[in-house]
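Peer 1: Dropping the structure in here first, questions after.
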Amino acid sequence: MPGVIKKVAGPLVVAENMKDSNMFDVVRVGNEQLIGEIIEIHGDKAYIQIYEETSGLGPGAPVESTGRPLSVELGPGLLSSIFDGIQRPLRSIMDQVGNSLNRGINVPTLSRERDWLFTPCVSDGTFVKTGDTIGTVKENSSVLHKIMVPVGVEGKICEIVKPGEYKVDDTVAKIETSADNTLPITLVQYWPVRKPRPIKEKLTPSEPLISGQRVIDTLFPIAKGGVAAVPGPFGSGKTVVQHQLAKWADADIIVYIGCGERGNEMTDVLNEFPELVDPKTGRSLMERTVLIANTSDMPVAAREASIYTGITIAEYFRDMGLNVALMADSTSRWAEALREMSGRLGEMPGEEGYPAYLASRLAQFYERAGRIIPLGENRDEGTLSIIGAVSPPGGDLSEPVTQSTLRIIKTFWGLDASLAYSRHFPAINWLTSYSLYTDNLKDWFASNVAKDWNEVRAEVIRILSKESELQEIVKLVGADSLSFEDRLLLEIARSIREDFLHQNAFHDVDTFSSLEKQYLLLKLILKFYSATSSLAGSNVSVDNIVKFKSLERIGRFKYVKESETKTEYEKIDKQINEDVSINLNKSEES
């Protein structure tokens with residue numbers, strides 16, 4: 001007997017006669033079969049959050065439980081797809097009903113019509129267990145999709161199909177799990193979104209997630225399998241930073257979640273990503289991207305689900321031994337959805353109205369990142385990195401979502417409104433940001449980029465910190481009171497800020513900078529600093545030094561193409577020596 005609606009309060013529905021249901025069961029509500037999820041049970045009453053608009057829904061309408069939790073479909077066809085917060089395929093829905101997202105629409109997540117070329121890699125009689133690969137599907141030219149034994153299944157392959165084209169719900173293998181039980185295996189499997197996928201072992205991250213963004217890679221790197229947060233006020237560039245990471249991060253798969261963001265921002269993403277060229281393959285970046293679009297005008301409850309939908313898809317690709325980067329934009333909107341549902345449930349509010357379990361929910365989400373060894377025999381390592389944007393009201397970093405996030409993450413890219421308003425992008429404040437992965441990554445940088453990488457980085461941080469101290473003195477007594485050495489340091493710090501930390505995301509060359517180019521640019525700046533320091537005590541002033549041709553060429557170095565960086569580096573290095581030598585000789589003659 002179906003349940004019956006007793007009360008409707010926005011996205012929250014209270015239904016009676018639900019004693020046979022369980023927490024987090026998916027339900028179908030009303031005659032339109034709206035999708036909902038049970039989030040609280042009292043006796044035979046179930047409190048349900050509805051993932052669709054509830055207008056027109058009233059007491060007495062039927063409620064039916066599906067008996068299973070909110071789950072996602074995992075299989076070929078995920079890549080290049082655009083889903084909403086509960087994994088409904090937006091392109092397929094548009095093809096069926098046009099531009100409006102009708103309530104209660106039920107479209108399969110993965111196409112049941114498309115054929116996939118399946119190639120088995122085991123034979124009859126092979127004993128397999130959870131995580132073992134039984135075959136592959138060439139989803140596109142960028143990704144080889146592994147068909148893995150579902151979690152909790154092990155046994156002997158009693159039948160496997162020949163290479164050929166199959167639909168996602170076709171049986172491609174049968175596993176004899178016991179003497180009287182045979183389990184069919186298809187190309188698609190299901191997994192509840194709120195439950196982390198199991199792993200064999202979690203390892204310490206030891207390799208950087210290279211983004212091509214100089215301020216990130218050099219000063220505040222994130223490791224593959226690490227977690228980072230990008231908090232900042234409105235207009236400081238959180239979304240642009242995440243777009244840049246999604247475009248250029250050294251990851252095999254990108255999962256981008258637009259959680260409660262403005263529709264125009266998600267439109268930009270949806271229009272821009274298919275046109276972007278993947279630097280690895282020369283093909284469309286969408287071939288290795290999954291987009292989840294859950295804009296601010298969509299039902300608020302679906303925001304809460306979108307984060308879990310995205311992380312579960314990311315874990316699935318991670319279990320294939322791939323490097324996955326997940327962008328969550330933004331977790332503040334997700335937290336607002338938690339707050340609204342908590343308020344409607346009548347729960348005791350915590351700080352600023354957020355539920356008391358806000359910190360634990362955030363931790364559960366971020367802890368699903370990591371560098372892991374997946375289940376199965378002889379499996380490659382996989383990594384899942386999470387970069388979450390935080391949108392504190394008014395840029396107040398002391399608010400609960402930001403503070404709870406900072407207690408969890410290890411890389412903090414603090415965006416500064418004053419930098420953004422002065423048109424310095426990325427507007428990441430080099431004095432307040434930090435990365436706790438630097439110790440783990442220093443050996444990698446020393447081995448793969450340059451032996452003195454860490455020393456160069458430390459010197460840059462020292463110069464920027466010293467500049468901050470000197471600026472306080474300048475404000476009090478003026479720059480003329482400073483010594484030659486201090487005035488020169490201020491100019492070098494300005495060069496670091498303007499020529500290195502500032503990066504144009506819309507410039508064809510400057511949008512991405514390799515680690516080698518980053519290193520060479522810093523070496524030039526520090527070489528200029530070291531060489532011009534020898535002019536102390538001469539008649540050459542700092543005002544003359546800033547007019548050196550070599551400093552001007554250093555400023556243009558970031559626009560040099562990657563193929564020409566070494567040649568240009570050698571020319572500028574020679575120019576520095578000439579400029580210093582010429583001016584030193586002039587000083588001695590006078």
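Each chain of the structure tokens is named A, B, ... in the order shown, its residues numbered from 1; ligands are numbered from 1 in display order.
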Would you list, as a PyMOL selection string, the residues of stretch 303-451 of chain A that end up in helix (DSSP H, G or I) under DSSP run on this structure's backbone?

Peer 2: chain A and resi 303-318+331-345+351-353+358-366+393-395+400-406+417-421+438-448

Peer 1: Find the residues near A:Ile185: any atom within 6 Å, counting only C-alpha atoms, skip ones fewer than 3 places away on the same chain, and give them as a list in words.

Peer 2: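 Listed by chain and then number, they are Thr171, Val172, Ala173 and Lys174 of chain A.
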
Peer 1: Out of A:Asn106, A:Ser533, A:Leu524, A:Leu384, which residue has the shortest atom-to-atom distance to A:Lys571 when counting only C-alpha atoms?

Peer 2: A:Leu524

Peer 1: In stretch 136-383 of chain A, what's strand (DSSP E or B) per DSSP? Answer as a PyMOL selection string?

Peer 2: chain A and resi 136-138+144-148+155-160+164-166+171-178+181-186+189-192+201-203+208+223+227-231+253-259+277+284+289-294+323-329+349+355+370-373+382-383

Peer 1: Kindly give the distance, in Å, that separates atom CA of A:Asp543 and atom CA of A:Gln503, rounded to a single decimal.

Peer 2: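 Atom CA of A:Gln503 lies 25.7 Å from atom CA of A:Asp543.
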
Peer 1: Any idea what's packed within 8 Å of A:Leu415, counting only C-alpha atoms, ignoring anything in its chain fewer than 3 positions away? Could you give it as an MDAnalysis selection string?

Peer 2: chainID A and resid 230:233 236:238 426:429

Peer 1: Tell me, counting only C-alpha atoms, for each residue of stretch 196-307 of chain A within 9 Å of stretch 320-323 of chain A, which pair of atoms is nearest and how far apart they are in Å to one decimal, in rows ordered by chain and increasing number, as JSON lines.

Peer 2:
```
{"residue": "A:Lys224", "atom": "CA", "partner": "A:Asn323", "partner_atom": "CA", "distance": 7.4}
{"residue": "A:Gly225", "atom": "CA", "partner": "A:Asn323", "partner_atom": "CA", "distance": 8.1}
{"residue": "A:Asp250", "atom": "CA", "partner": "A:Asn323", "partner_atom": "CA", "distance": 8.1}
{"residue": "A:Ala251", "atom": "CA", "partner": "A:Asn323", "partner_atom": "CA", "distance": 5.1}
{"residue": "A:Asp252", "atom": "CA", "partner": "A:Asn323", "partner_atom": "CA", "distance": 5.1}
{"residue": "A:Ile253", "atom": "CA", "partner": "A:Asn323", "partner_atom": "CA", "distance": 6.5}
{"residue": "A:Ile254", "atom": "CA", "partner": "A:Asn323", "partner_atom": "CA", "distance": 8.9}
```

Peer 1: Could you list, as a PyMOL selection string, every residue within 10 Å of A:Asn31, counting only C-alpha atoms and ignoring same-chain residues fewer than 6 positions away?

Peer 2: chain A and resi 57+61-63+104

Peer 1: Between A:Val149, A:Met23, A:Ile582, A:Leu78, which is the closest to A:Val168 once you count only C-alpha atoms?

Peer 2: A:Leu78

Peer 1: So how many Å separate atom CA of A:Ile39 and atom CA of A:Asn22, to one decimal?

Peer 2: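 Going from atom CA of A:Ile39 over to atom CA of A:Asn22, I get 9.2 Å.
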
Peer 1: Write out as a list of chain:residue names each polymer residue whose atoms come within 8 Å of A:Gln49, counting only C-alpha atoms; drop sequence neighbours fewer than 5 positions from it.

Peer 2: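 Listed by chain and then number, they are A:Pro11, A:Leu12, A:Val13, A:Gly36, A:Glu37, A:Ile38, A:Ile39, A:Ala301, A:Met341.
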